[in-house]
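Everything on this sheet refers to the single structure shown next.
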Amino acid sequence: MAKTVKNIYRSINANKLRLFTIALVIAIGITSFNGMVTAFVHMTRTYDKAFEDHNMASFTMQTANPGGTGEDAWIDYVNLTSFINEFREQEPRIKAYELRIVYNTIFEIRGEKQNGQIVAMNTRDTEGNFREQPAVNGYRILSGTPYSELSRYQNVCLVDAHLGEYWKLEPQEFIAIGDSRTPFEILGVIGSPEYLINQGPFADIMPSPRRFGVVFLPLRAAQNLLGVQGKVNEISVLLEDGLSKNRREEIAGNLKDFLETNHDLKLSDPVDIDNQASYWLMRLDIEEAREFGIVLPIIILGMAIGGLYVLFSRMVVAERKDIGVAQALGYDRRTIILQYLGISMVIAIVGTILGTLLGLWFLSYFSPLYVDMLTIPFEPEVTIEWPIVIAGIVIGILTGLIGGYFPVRGSIQPLPAESLRFDPSLHITTGKIPLIERIIRKFKINPKVTGLRLPLRNIFRSKRRTFSSVFAIIVSVSLISMAFGMIESMDESLTFYYDVSENWDLRVDFSEMPTNASQIARSLKQNIDGVSDITYHLLSGATVTSSESSQKKQVSVVGMNDSDGYLGHTFDFHAGEWNPDGVVLSVPVADALHVGLNDEVNLELPKLTKLVSTTPLRAHFELVNITFQITGIIDEFNGLVAFVGLDNLISASNFPGEPANTLLMKIEDPTPERLDMIREEILAKYGYNVRNIATKAEQRSELLELMDLMYNIIYIVAIFAVLLSCAIVYNTIYISLQEQKREIATLLTIGTDNRKLIRNITVENTIVTLIGTVFGLIFGWIMLWFFMRVILNMEFFRISLFISNKTIIISFVLTYIGVLVAQYFPLRKTLNLNLAEATKERVV
Amino acid sequence: MSAVDVKGPKISLEGMVTLEHVNRVYYMGGHTIHALKDISLSLETGKLVVVLGPSGSGKTTLLNVLGAIDKCDGKITVSDLEITRLNKKQLTKYRREKCGFIFQFFNLLPVYNALENVEYAVELASKLSRKETTNRATEYLRKVGLYEKRHHFPSQLSGGEQQRVAAARAMAKNPALLLCDEPTGELSVTEGKQVLSVIQNMVKERPDVLTILVTHNQKIAQIGDVVIRLRSGEVDSIEKQISIPAEQLSW
């Protein structure tokens with residue numbers, strides 16, 4: 001045993017740098033595993049706790065027409081309280097409920113208008129006593145003060161953290177809310193589990209706090225603001241813990257039936273907690289990142305196994321005669337295998353310890369980064385998760401066992417004589433002229449024996465050797481190209497979206513929907529210099545269904561107006577074409593619904609049933625199903641979108657006049673200064689109804705800010721990739737040169753000068769790098785597809801996979817630099833060989 | 001013999017090879033090993049010099065310092081050139097153009113067939129055309145009886161055949177010094193005799209070449225014209241003898 005330990009120590013000492021690089025690969029794998037998986041365990045637990053502590057509603061139910069006016073828009077608070085109490089007598093699993101107003105409106109913050117949502121709750125409980133927190137959907141005060149007893153009589157508000165952070169809002173500042181621009185004093189900034197991710201409607205892809213913010217008001221203040229004294233439009237219900245989704249939906253359905261049947265109320269379908277936009281997105285985000293955190297280490301550790309396999313299989317070949325001698329001296333096969341396994345275990349343990357420590361450091365960096373990026377007001381606690389640490393250790397050690405055992409077992413011969421007879425220099429050659437050389441000879445190209453012929457022969461001298469050399473390059477190139485490809489795919493998709501798809505320079509969003517859009521467009525074009533094209537869109541939400549699938553997709557429907565050939569959008573068709581009579585769907589929606597070109601889909605759209613007023617627009621809606629034929633399928637960045645002709649959408653929606661939410665303009669010579677000038681001109685002329693005027697650059701930067709987290713993850717992957725590549729390439733090149741030590745010594749002895757030798761080895765490694773690069777790029781593409789389409793399968797974004805020529809060159813150059821650095825150290829050692837000894841070495 | 005065109009002293013190998021007070025000391029694991037102790041020799045070309053001695057006597061070290069693959073103190077002059085004063089680049093050129101090596105373990109390039117192994121050395125050492133290089137390599141393979149197997153790779157040749165290819169490689173570049181380090185050490189008696197026979201023939205054919213063969217086998221030493229006995233790094237004796245043809249040897 002002592003001898004085995006001594007032998008293990010000697011082997012490690014002799015190969016310490018190479019073994020350390022493998023330990024480093026294992027460490028990187030374990031780091032990513034521990035760091036990412038633990039981070040997401042923490043976050044899941046923290047947010048679960050946040051939801052639990054703040055009594056997140058099990059389901060919510062709004063009135064049938066929550067944004068409108070009239071009987072089906074509002075319910076009397078007192079009546080509804082008694083109805084629900086009546087229902088609670090037959091359904092004891094309701095722990096608490098809250099009657100609220102949730103209403104989309106306009107805010108004016110420091111003179112800037114923006115869309116938002118007010119959420120209003122009673123500051124008194126059912127007994128009439130003041131309370132700081134509601135019974136359901138509570139929140140946490142981050143700065144300032146909560147409501148006081150007097151708040152119900154005052155125009156005060158609490159702003160959600162995302163909006164507060166965006167505008168850097170402070171207590172005692174004022175914010176104007178609603179059509180009447182009523183000023184409300186900010187009491188404090190709060191974090192609400194209900195809005196962990198700043199998400200309004202599902203169809204709006206990653207809304208910025210500039211487009212969607214949430215402000216909490218006392219119920220009475222909101223009722224006064226909206227002119228609906230004593231009314232609410234939403235029921236939030238908290239059920240007992242541990243109920244399944246089916247049970248929750250059953251109770252929600254029963255409550256809806258009860259209220260509609262017994263009390264003649266009109267309500268929309270209940271929304272379960274699992275389908276609540278922010279909650280759903282948070283889960284999706286965490287789940288996707290968790291998958292990423294598992295898949296990434298699997299890939300890295302898989303490479304570590306590959307690296308260990310290559311290293312050990314070649315180490316055993318090189319030491320086969322020593323193994324034979326050891327066997328002849330009486331060591332049994334098991335002892336020798338144990339010796340090699342001991343080495344791999346030491347590597348694995350060193351890698352695992354290093355990885356665990358780095359993982360904890362990474363965790364302390366990653367969790368706050370994630371929270372910071374999403375402006376989440378609930379900080380996860382960074383604690384050591386022993387089950388994950390232990391899992392990491394087991395995985396690390398298994399990596400060592402698998403990577404070490406198989407090559408050793410396969411290489412140790414049953415009879416020592418076989419090992420003793422073995423000549424490694426002959427073993428690592430096929431003794432054949434490689435195919436490539438035979439091909440080039442057909443073209444009368446016959447490289448010199450002292451020139452290109454030697455590196456060519458060396459490359460293809462044995463399948464295993466060629467495989468391991470090319471494998472290292474493939475790992476390197478594929479990882480680098482995948483990592484950079486991820487960044488480029490995102491950039492390219494965004495660039496295409498904003499440069500090509502979004503065919504406008506200025507976008508005007510209205511506070512109130514005008515019903516004379518064509519008149520406004522004409523007026524703008526006539527009165528403002530430089531407007532070359534102008535069109536307007538009507539936006540609506542819809543649920544798309546098809547007979548081919550049971551799935552439903554909530555999408556943003558854009559009613560496209562063709563203004564003299566200008567649509568404001570350039571389609572990138574996967575199939576078909578634009579036809580105002582049909583519908584154009586995105587690839588993710590078409591795929592989810594299993595539909596193709598010329599198939600029919602149903603769009604469930606809101607239809608106006610009663611117009612109360614046009615300014616401000618107050619109306620009653622009902623949902624109607626309209627069948628459209630698919631005339632085109634687009635492959636664009638916005639994944640949850642459907643385009644229809646404006647006339648069709650207006651007729652389906654039953655809007656009066658020429659309604660529009662958005663005006664899109666093309667500007668001649670659209671420099672930033674010019675766009676600013678036109679923006680000012682529009683605000684001056686039409687300011688009363690203009691909510692926001694945005695340039696594409698502004699919209700894009702908002703989106704990029706929101707995607708920072710993803711970019712950070714990708715940069716981390718890229719750093720891992722380069723580190724891994726260096727480690728694996730170094731190992732393989734080192735082994736290759738070690739295997740050829742006697743040959744190199746012979747070449748030097750018979751008079752090959754250093755320059756020629758370095759040139760031949762560099763040529764050999766360059767060719768290997770080129771071959772590996774070709775396969776590496778193919779694998780890189782496959783891995784890119786896997787990460788972007790399988791792991792980060794977000795249907796909001798349709799990211800086209802893209803690897804640029806620049807990335808191809810960078811992948812090659814970085815790998816090639818790695819190869820040159822990797823060959824430098826062993827080559828320097830080889831060139832200073834004691835030729836007398838090296839030419840007599842029995843083993844390489 | 002033509003001069004070697006390198007910067008520094010010109011190399012010419014006409015005349016004698018002399019060693020004056022050559023010492024080689026190794027330091028291994030805290031121990032000092034005096035491999036060569038004050039060796040002074042004068043050797044003539046056209047002879048087969050056998051260096052004989054037991055293991056550790058310094059015979060291979062002597063061969064290595066002559067072949068400039070090991071360093072030493074003292075003075076080694078090959079003709080009028082003091083090789084112990086050459087720089088690294090000049091030594092490489094000296095080895096390339098003037099020394100032929102036959103190693104104990106053959107040391108053929110496994111990726112090249114027999115012909116290519118010989119061609120490599122010729123191409124390296126001369127400025128012959130591709131065709132002339134091939135012709136020269138083929139000629140030498142024919143001399144060592146391996147013309148038929150010229151396209152065989154080392155893995156397809158027996159040990160003796162590999163060593164004969166190594167001999168062809170060493171001689172085909174027209175060296176001035178042919179240095180053979182235990183060339184039969186890894187071979188059977190029959191194969192060994194074939195290889196020694198090849199070396200003897202080369203000595204006969206090339207009177208301008210000084211051939212030095214290192215062995216620990218007294219019987220093999222009988223093929224030499226001169227036998228230098230080494231013991232513990234010192235010259236024990238130098239004897240001239242009438243060489244016996246390798247075919248008549250038995251060990």
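Residue numbering restarts at 1 in every chain; chains get A, B, ... in the order shown in the structure tokens, and ligands count up from 1 in that same order.
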
Those of stretch 541-606 of chain A in DSSP alpha helix (DSSP H), formatted as a list in words: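 Restricting stretch 541-606 of chain A to alpha helix (DSSP H) produces Val587, Pro588, Val589, Ala590, Asp591, Ala592 and Leu593 of chain A.
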
Written selection (all heavy atoms) as a PDB file, in the first residue's frame:
ATOM      1  N   VAL A 587     -43.128  31.765 -36.138  1.00  0.00           N
ATOM      2  CA  VAL A 587     -42.786  30.337 -36.148  1.00  0.00           C
ATOM      3  C   VAL A 587     -43.142  29.661 -34.812  1.00  0.00           C
ATOM      4  O   VAL A 587     -43.753  28.597 -34.808  1.00  0.00           O
ATOM      5  CB  VAL A 587     -41.294  30.121 -36.507  1.00  0.00           C
ATOM      6  CG1 VAL A 587     -40.856  28.690 -36.248  1.00  0.00           C
ATOM      7  CG2 VAL A 587     -41.030  30.479 -37.965  1.00  0.00           C
ATOM      8  N   PRO A 588     -42.776  30.255 -33.644  1.00  0.00           N
ATOM      9  CA  PRO A 588     -43.111  29.568 -32.390  1.00  0.00           C
ATOM     10  C   PRO A 588     -44.611  29.339 -32.206  1.00  0.00           C
ATOM     11  O   PRO A 588     -45.027  28.296 -31.693  1.00  0.00           O
ATOM     12  CB  PRO A 588     -42.578  30.502 -31.302  1.00  0.00           C
ATOM     13  CG  PRO A 588     -41.596  31.376 -31.956  1.00  0.00           C
ATOM     14  CD  PRO A 588     -41.994  31.475 -33.385  1.00  0.00           C
ATOM     15  N   VAL A 589     -45.413  30.326 -32.622  1.00  0.00           N
ATOM     16  CA  VAL A 589     -46.862  30.171 -32.462  1.00  0.00           C
ATOM     17  C   VAL A 589     -47.373  29.081 -33.414  1.00  0.00           C
ATOM     18  O   VAL A 589     -48.138  28.199 -33.023  1.00  0.00           O
ATOM     19  CB  VAL A 589     -47.589  31.518 -32.712  1.00  0.00           C
ATOM     20  CG1 VAL A 589     -49.096  31.325 -32.686  1.00  0.00           C
ATOM     21  CG2 VAL A 589     -47.170  32.542 -31.667  1.00  0.00           C
ATOM     22  N   ALA A 590     -46.915  29.151 -34.672  1.00  0.00           N
ATOM     23  CA  ALA A 590     -47.351  28.147 -35.660  1.00  0.00           C
ATOM     24  C   ALA A 590     -46.922  26.750 -35.213  1.00  0.00           C
ATOM     25  O   ALA A 590     -47.698  25.791 -35.303  1.00  0.00           O
ATOM     26  CB  ALA A 590     -46.771  28.476 -37.033  1.00  0.00           C
ATOM     27  N   ASP A 591     -45.697  26.647 -34.707  1.00  0.00           N
ATOM     28  CA  ASP A 591     -45.199  25.340 -34.244  1.00  0.00           C
ATOM     29  C   ASP A 591     -46.027  24.829 -33.073  1.00  0.00           C
ATOM     30  O   ASP A 591     -46.401  23.650 -33.019  1.00  0.00           O
ATOM     31  CB  ASP A 591     -43.724  25.435 -33.826  1.00  0.00           C
ATOM     32  CG  ASP A 591     -42.787  25.513 -35.031  1.00  0.00           C
ATOM     33  OD1 ASP A 591     -43.287  25.308 -36.166  1.00  0.00           O
ATOM     34  OD2 ASP A 591     -41.586  25.788 -34.839  1.00  0.00           O
ATOM     35  N   ALA A 592     -46.290  25.726 -32.122  1.00  0.00           N
ATOM     36  CA  ALA A 592     -47.031  25.305 -30.930  1.00  0.00           C
ATOM     37  C   ALA A 592     -48.436  24.844 -31.293  1.00  0.00           C
ATOM     38  O   ALA A 592     -48.976  23.918 -30.678  1.00  0.00           O
ATOM     39  CB  ALA A 592     -47.089  26.449 -29.933  1.00  0.00           C
ATOM     40  N   LEU A 593     -49.021  25.491 -32.287  1.00  0.00           N
ATOM     41  CA  LEU A 593     -50.406  25.142 -32.670  1.00  0.00           C
ATOM     42  C   LEU A 593     -50.459  24.081 -33.767  1.00  0.00           C
ATOM     43  O   LEU A 593     -51.544  23.698 -34.223  1.00  0.00           O
ATOM     44  CB  LEU A 593     -51.133  26.404 -33.145  1.00  0.00           C
ATOM     45  CG  LEU A 593     -51.267  27.523 -32.109  1.00  0.00           C
ATOM     46  CD1 LEU A 593     -51.902  28.761 -32.728  1.00  0.00           C
ATOM     47  CD2 LEU A 593     -52.087  27.072 -30.912  1.00  0.00           C
TER      48      LEU A 593
END

Which of stretch 19-146 of chain B counts as strand (DSSP E or B) under DSSP, as a PDB file with C-alpha atoms, in the first residue's frame please?
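This went into part_39.pdb:
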ATOM      1  CA  LEU B  19      40.963  13.351 -28.084  1.00  0.00           C
ATOM      2  CA  GLU B  20      43.122  15.206 -25.574  1.00  0.00           C
ATOM      3  CA  HIS B  21      42.474  14.991 -21.850  1.00  0.00           C
ATOM      4  CA  VAL B  22      38.778  14.430 -22.335  1.00  0.00           C
ATOM      5  CA  ASN B  23      36.758  14.261 -19.134  1.00  0.00           C
ATOM      6  CA  ARG B  24      33.067  13.825 -18.604  1.00  0.00           C
ATOM      7  CA  VAL B  25      31.582  14.175 -15.174  1.00  0.00           C
ATOM      8  CA  TYR B  26      27.913  13.651 -14.299  1.00  0.00           C
ATOM      9  CA  TYR B  27      26.228  14.739 -11.144  1.00  0.00           C
ATOM     10  CA  MET B  28      23.382  12.423 -10.316  1.00  0.00           C
ATOM     11  CA  HIS B  31      26.814  11.617  -6.553  1.00  0.00           C
ATOM     12  CA  THR B  32      29.605  12.464  -8.933  1.00  0.00           C
ATOM     13  CA  ILE B  33      30.111   9.992 -11.739  1.00  0.00           C
ATOM     14  CA  HIS B  34      33.330  10.326 -13.643  1.00  0.00           C
ATOM     15  CA  ALA B  35      32.280   8.730 -16.935  1.00  0.00           C
ATOM     16  CA  LEU B  36      35.441   9.633 -18.848  1.00  0.00           C
ATOM     17  CA  LYS B  37      38.738  10.243 -17.091  1.00  0.00           C
ATOM     18  CA  ASP B  38      41.448  12.079 -18.933  1.00  0.00           C
ATOM     19  CA  ILE B  39      41.053  10.210 -22.214  1.00  0.00           C
ATOM     20  CA  SER B  40      43.582  10.967 -24.863  1.00  0.00           C
ATOM     21  CA  LEU B  41      43.374   9.108 -28.155  1.00  0.00           C
ATOM     22  CA  SER B  42      44.308   9.436 -31.753  1.00  0.00           C
ATOM     23  CA  LEU B  43      42.199   7.582 -34.304  1.00  0.00           C
ATOM     24  CA  LEU B  48      36.720  -0.034 -37.623  1.00  0.00           C
ATOM     25  CA  VAL B  49      37.454   0.914 -34.044  1.00  0.00           C
ATOM     26  CA  VAL B  50      35.679  -1.153 -31.412  1.00  0.00           C
ATOM     27  CA  VAL B  51      35.280   0.365 -27.977  1.00  0.00           C
ATOM     28  CA  LEU B  52      34.915  -2.480 -25.536  1.00  0.00           C
ATOM     29  CA  ASP B  73      35.880  18.879 -20.904  1.00  0.00           C
ATOM     30  CA  GLY B  74      39.095  18.622 -22.849  1.00  0.00           C
ATOM     31  CA  LYS B  75      39.734  18.849 -26.528  1.00  0.00           C
ATOM     32  CA  ILE B  76      38.332  16.756 -29.349  1.00  0.00           C
ATOM     33  CA  THR B  77      39.730  17.477 -32.736  1.00  0.00           C
ATOM     34  CA  VAL B  78      38.339  15.969 -35.834  1.00  0.00           C
ATOM     35  CA  LEU B  81      38.737  21.149 -36.207  1.00  0.00           C
ATOM     36  CA  GLU B  82      38.207  21.377 -32.478  1.00  0.00           C
ATOM     37  CA  CYS B  99      28.263  11.911 -38.438  1.00  0.00           C
ATOM     38  CA  GLY B 100      26.286   8.760 -39.089  1.00  0.00           C
ATOM     39  CA  PHE B 101      24.580   7.185 -36.103  1.00  0.00           C
ATOM     40  CA  ILE B 102      23.467   3.614 -35.590  1.00  0.00           C
TER      41      ILE B 102
END

Within 10 Å of chain A: residues of chain B, using only C-alpha atoms, as a short mmCIF file (atom, residue, chain, number, x, y, z; two decimals) with N, CA and C atoms, in the first residue's frame:
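The resulting file, iface16.cif, is reproduced below:
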data_model
loop_
_atom_site.label_atom_id
_atom_site.label_comp_id
_atom_site.auth_asym_id
_atom_site.auth_seq_id
_atom_site.Cartn_x
_atom_site.Cartn_y
_atom_site.Cartn_z
N THR B 60 29.85 4.32 -24.14
CA THR B 60 28.80 5.07 -24.86
C THR B 60 29.02 6.57 -24.71
N THR B 61 29.50 6.99 -23.55
CA THR B 61 29.80 8.41 -23.34
C THR B 61 30.86 8.86 -24.33
N LEU B 63 31.44 7.63 -27.23
CA LEU B 63 30.79 7.71 -28.56
C LEU B 63 29.96 9.00 -28.67
N ASN B 64 29.26 9.31 -27.60
CA ASN B 64 28.39 10.49 -27.61
C ASN B 64 29.17 11.79 -27.73
N VAL B 65 30.28 11.88 -27.05
CA VAL B 65 31.05 13.13 -27.15
C VAL B 65 31.67 13.27 -28.54
N GLY B 67 30.23 12.15 -31.20
CA GLY B 67 29.09 12.49 -32.08
C GLY B 67 28.46 13.82 -31.72
N ALA B 68 29.06 14.52 -30.77
CA ALA B 68 28.59 15.85 -30.35
C ALA B 68 27.15 15.84 -29.85
N ILE B 69 26.77 14.74 -29.22
CA ILE B 69 25.43 14.76 -28.58
C ILE B 69 25.60 14.78 -27.06
N ASP B 70 26.82 14.88 -26.62
CA ASP B 70 27.08 15.04 -25.19
C ASP B 70 28.29 15.97 -25.07
N LYS B 71 28.31 16.66 -23.95
CA LYS B 71 29.42 17.62 -23.79
C LYS B 71 30.53 17.01 -22.94
N LYS B 88 26.18 25.60 -30.77
CA LYS B 88 25.10 24.63 -30.93
C LYS B 88 24.71 24.44 -32.40
N LYS B 89 24.66 25.54 -33.11
CA LYS B 89 24.26 25.49 -34.51
C LYS B 89 25.30 24.74 -35.35
N GLN B 90 26.56 25.04 -35.03
CA GLN B 90 27.64 24.37 -35.77
C GLN B 90 27.68 22.88 -35.45
N LEU B 91 27.37 22.57 -34.21
CA LEU B 91 27.35 21.15 -33.82
C LEU B 91 26.25 20.40 -34.58
N THR B 92 25.10 21.06 -34.73
CA THR B 92 24.00 20.44 -35.47
C THR B 92 24.44 20.14 -36.90
N LYS B 93 25.09 21.14 -37.49
CA LYS B 93 25.54 20.97 -38.86
C LYS B 93 26.62 19.87 -38.95
N TYR B 94 27.49 19.86 -37.95
CA TYR B 94 28.53 18.83 -37.89
C TYR B 94 27.88 17.44 -37.84
N ARG B 95 26.89 17.29 -36.98
CA ARG B 95 26.22 15.98 -36.86
C ARG B 95 25.52 15.63 -38.17
N ARG B 96 24.86 16.66 -38.73
CA ARG B 96 24.06 16.42 -39.93
C ARG B 96 24.93 15.94 -41.10
N GLU B 97 26.06 16.60 -41.26
CA GLU B 97 26.84 16.33 -42.47
C GLU B 97 27.98 15.35 -42.28
N LYS B 98 28.48 15.23 -41.08
CA LYS B 98 29.69 14.43 -40.89
C LYS B 98 29.52 13.17 -40.05
N CYS B 99 28.43 13.08 -39.32
CA CYS B 99 28.26 11.91 -38.44
C CYS B 99 27.12 11.03 -38.90
N GLY B 100 27.37 9.72 -38.87
CA GLY B 100 26.29 8.76 -39.09
C GLY B 100 26.11 7.99 -37.80
N PHE B 101 24.84 7.86 -37.38
CA PHE B 101 24.58 7.18 -36.10
C PHE B 101 23.81 5.87 -36.34
N ILE B 102 24.27 4.84 -35.65
CA ILE B 102 23.47 3.61 -35.59
C ILE B 102 23.21 3.37 -34.11
N PHE B 103 21.92 3.44 -33.75
CA PHE B 103 21.56 3.37 -32.33
C PHE B 103 21.24 1.93 -31.92
N GLN B 104 21.30 1.69 -30.63
CA GLN B 104 20.95 0.35 -30.14
C GLN B 104 19.49 0.00 -30.45
N PHE B 105 18.61 1.02 -30.30
CA PHE B 105 17.18 0.75 -30.52
C PHE B 105 16.72 1.21 -31.91
N PHE B 106 17.61 1.22 -32.85
CA PHE B 106 17.36 1.51 -34.28
C PHE B 106 16.93 2.96 -34.53
N ASN B 107 15.94 3.41 -33.74
CA ASN B 107 15.46 4.79 -33.83
C ASN B 107 15.10 5.21 -35.26
N LEU B 108 14.41 4.35 -35.96
CA LEU B 108 13.88 4.77 -37.26
C LEU B 108 12.64 5.61 -37.03
N LEU B 109 12.31 6.43 -38.00
CA LEU B 109 11.07 7.20 -37.89
C LEU B 109 9.91 6.28 -38.27
N PRO B 110 9.04 5.97 -37.31
CA PRO B 110 8.01 4.96 -37.58
C PRO B 110 7.01 5.37 -38.66
N VAL B 111 6.92 6.67 -38.92
CA VAL B 111 5.94 7.10 -39.93
C VAL B 111 6.50 7.02 -41.34
N TYR B 112 7.79 6.74 -41.45
CA TYR B 112 8.41 6.63 -42.78
C TYR B 112 8.79 5.19 -43.08
N ASN B 113 8.69 4.83 -44.34
CA ASN B 113 9.13 3.49 -44.72
C ASN B 113 10.67 3.49 -44.82
N GLU B 116 12.18 6.06 -47.17
CA GLU B 116 12.01 7.44 -46.70
C GLU B 116 12.93 7.74 -45.52
N ASN B 117 13.14 6.73 -44.66
CA ASN B 117 14.05 6.93 -43.54
C ASN B 117 15.45 7.27 -44.03
N VAL B 118 15.86 6.57 -45.08
CA VAL B 118 17.20 6.83 -45.62
C VAL B 118 17.20 8.17 -46.36
N GLU B 119 16.14 8.39 -47.11
CA GLU B 119 16.03 9.65 -47.87
C GLU B 119 16.11 10.86 -46.94
N TYR B 120 15.48 10.72 -45.76
CA TYR B 120 15.46 11.84 -44.81
C TYR B 120 16.88 12.32 -44.51
N ALA B 121 17.73 11.35 -44.18
CA ALA B 121 19.11 11.70 -43.81
C ALA B 121 19.86 12.29 -45.01
N VAL B 122 19.65 11.72 -46.19
CA VAL B 122 20.35 12.20 -47.39
C VAL B 122 19.88 13.63 -47.72
N GLU B 123 18.58 13.80 -47.70
CA GLU B 123 18.01 15.11 -48.04
C GLU B 123 18.50 16.19 -47.07
N LEU B 124 18.62 15.78 -45.82
CA LEU B 124 19.04 16.71 -44.79
C LEU B 124 20.50 17.14 -44.99
N ALA B 125 21.32 16.16 -45.36
CA ALA B 125 22.76 16.41 -45.37
C ALA B 125 23.30 16.92 -46.71
N ARG B 130 15.69 15.61 -55.84
CA ARG B 130 14.81 14.58 -55.27
C ARG B 130 15.15 13.21 -55.85
N HIS B 152 8.66 -0.96 -46.98
CA HIS B 152 8.10 -1.44 -45.71
C HIS B 152 8.33 -0.41 -44.61
N PHE B 153 7.35 -0.34 -43.75
CA PHE B 153 7.50 0.56 -42.60
C PHE B 153 8.22 -0.19 -41.48
N PRO B 154 8.81 0.53 -40.54
CA PRO B 154 9.55 -0.14 -39.45
C PRO B 154 8.73 -1.22 -38.76
N SER B 155 7.42 -0.93 -38.58
CA SER B 155 6.59 -1.92 -37.89
C SER B 155 6.46 -3.21 -38.70
N GLN B 156 6.82 -3.15 -39.99
CA GLN B 156 6.71 -4.34 -40.84
C GLN B 156 8.07 -5.03 -41.01
N ARG B 169 20.82 4.38 -43.50
CA ARG B 169 20.54 5.80 -43.23
C ARG B 169 21.83 6.52 -42.80
N ALA B 170 22.59 5.84 -41.97
CA ALA B 170 23.80 6.47 -41.44
C ALA B 170 24.85 6.67 -42.54
N ASP B 181 26.31 2.42 -31.66
CA ASP B 181 26.18 2.18 -30.23
C ASP B 181 25.45 0.87 -29.98
#

Residues within 10 Å of A:Phe510, only C-alpha atoms, excluding chain neighbours under 4 positions, as a VMD selection string: chain A and resid 113 to 115 514 660 to 663 686 to 693

Pairwise distance for atom CA of A:Leu831 and atom CA of A:Ile758, rounded to one decimal in Å: 9.0 Å

Minimum-distance residue to B:Ile199, chosen among B:Glu132, B:Glu186, B:Glu247, B:Asp236 (using only C-alpha atoms): B:Glu247

Residue neighbourhood B:Tyr140, 8 Å, only C-alpha atoms, exclusion window fewer than 2 positions, as a PyMOL selection string: chain B and resi 136-138+142-144+168-169+171-172

Residues near stretch 164-179 of chain A, cut-off 6 Å, only C-alpha atoms, skip fewer than 3 positions along chain, as a VMD selection string: chain A and resid 105 to 109 144 161 182 to 188

Separation of atom CA of A:Val583 from atom CA of A:Leu605 in Å: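 These two atoms are separated by 13.4 Å.
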
Stretch 472-474 of chain A environment, 10 Å, only C-alpha atoms, sequence neighbours closer than 2 positions dropped, as a ChimeraX atom specification: /A:303,306-307,310,467-470,476-480,724-733,765,768-780,811-812,815-816,818-819

Close residues, A:Asn561 itself excluded, 12 Å, only C-alpha atoms, min 3 positions apart in chain, as an MDAnalysis selection string: chainID A and resid 517:518 521 534:539 558 564:569 578:581 643:650 658:664

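Distances to A:Lys266 were evaluated for A:Glu385, A:Glu604, A:Glu98, A:Glu622 using only C-alpha atoms, and the minimum falls at A:Glu622.
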
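Between atom CA of A:Thr352 and atom CA of A:Leu19 the interatomic distance comes to 13.4 Å.
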
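You can rank B:Ile244, B:Leu62, B:Met202, B:Ala167 by their closest distance to B:Thr184 using only C-alpha atoms, and at the top of that list sits B:Ala167.
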
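Proximity ranking of B:Arg206, B:Arg85, B:Lys240, B:His216 relative to B:Gly53 places B:His216 first, based on only C-alpha atoms.
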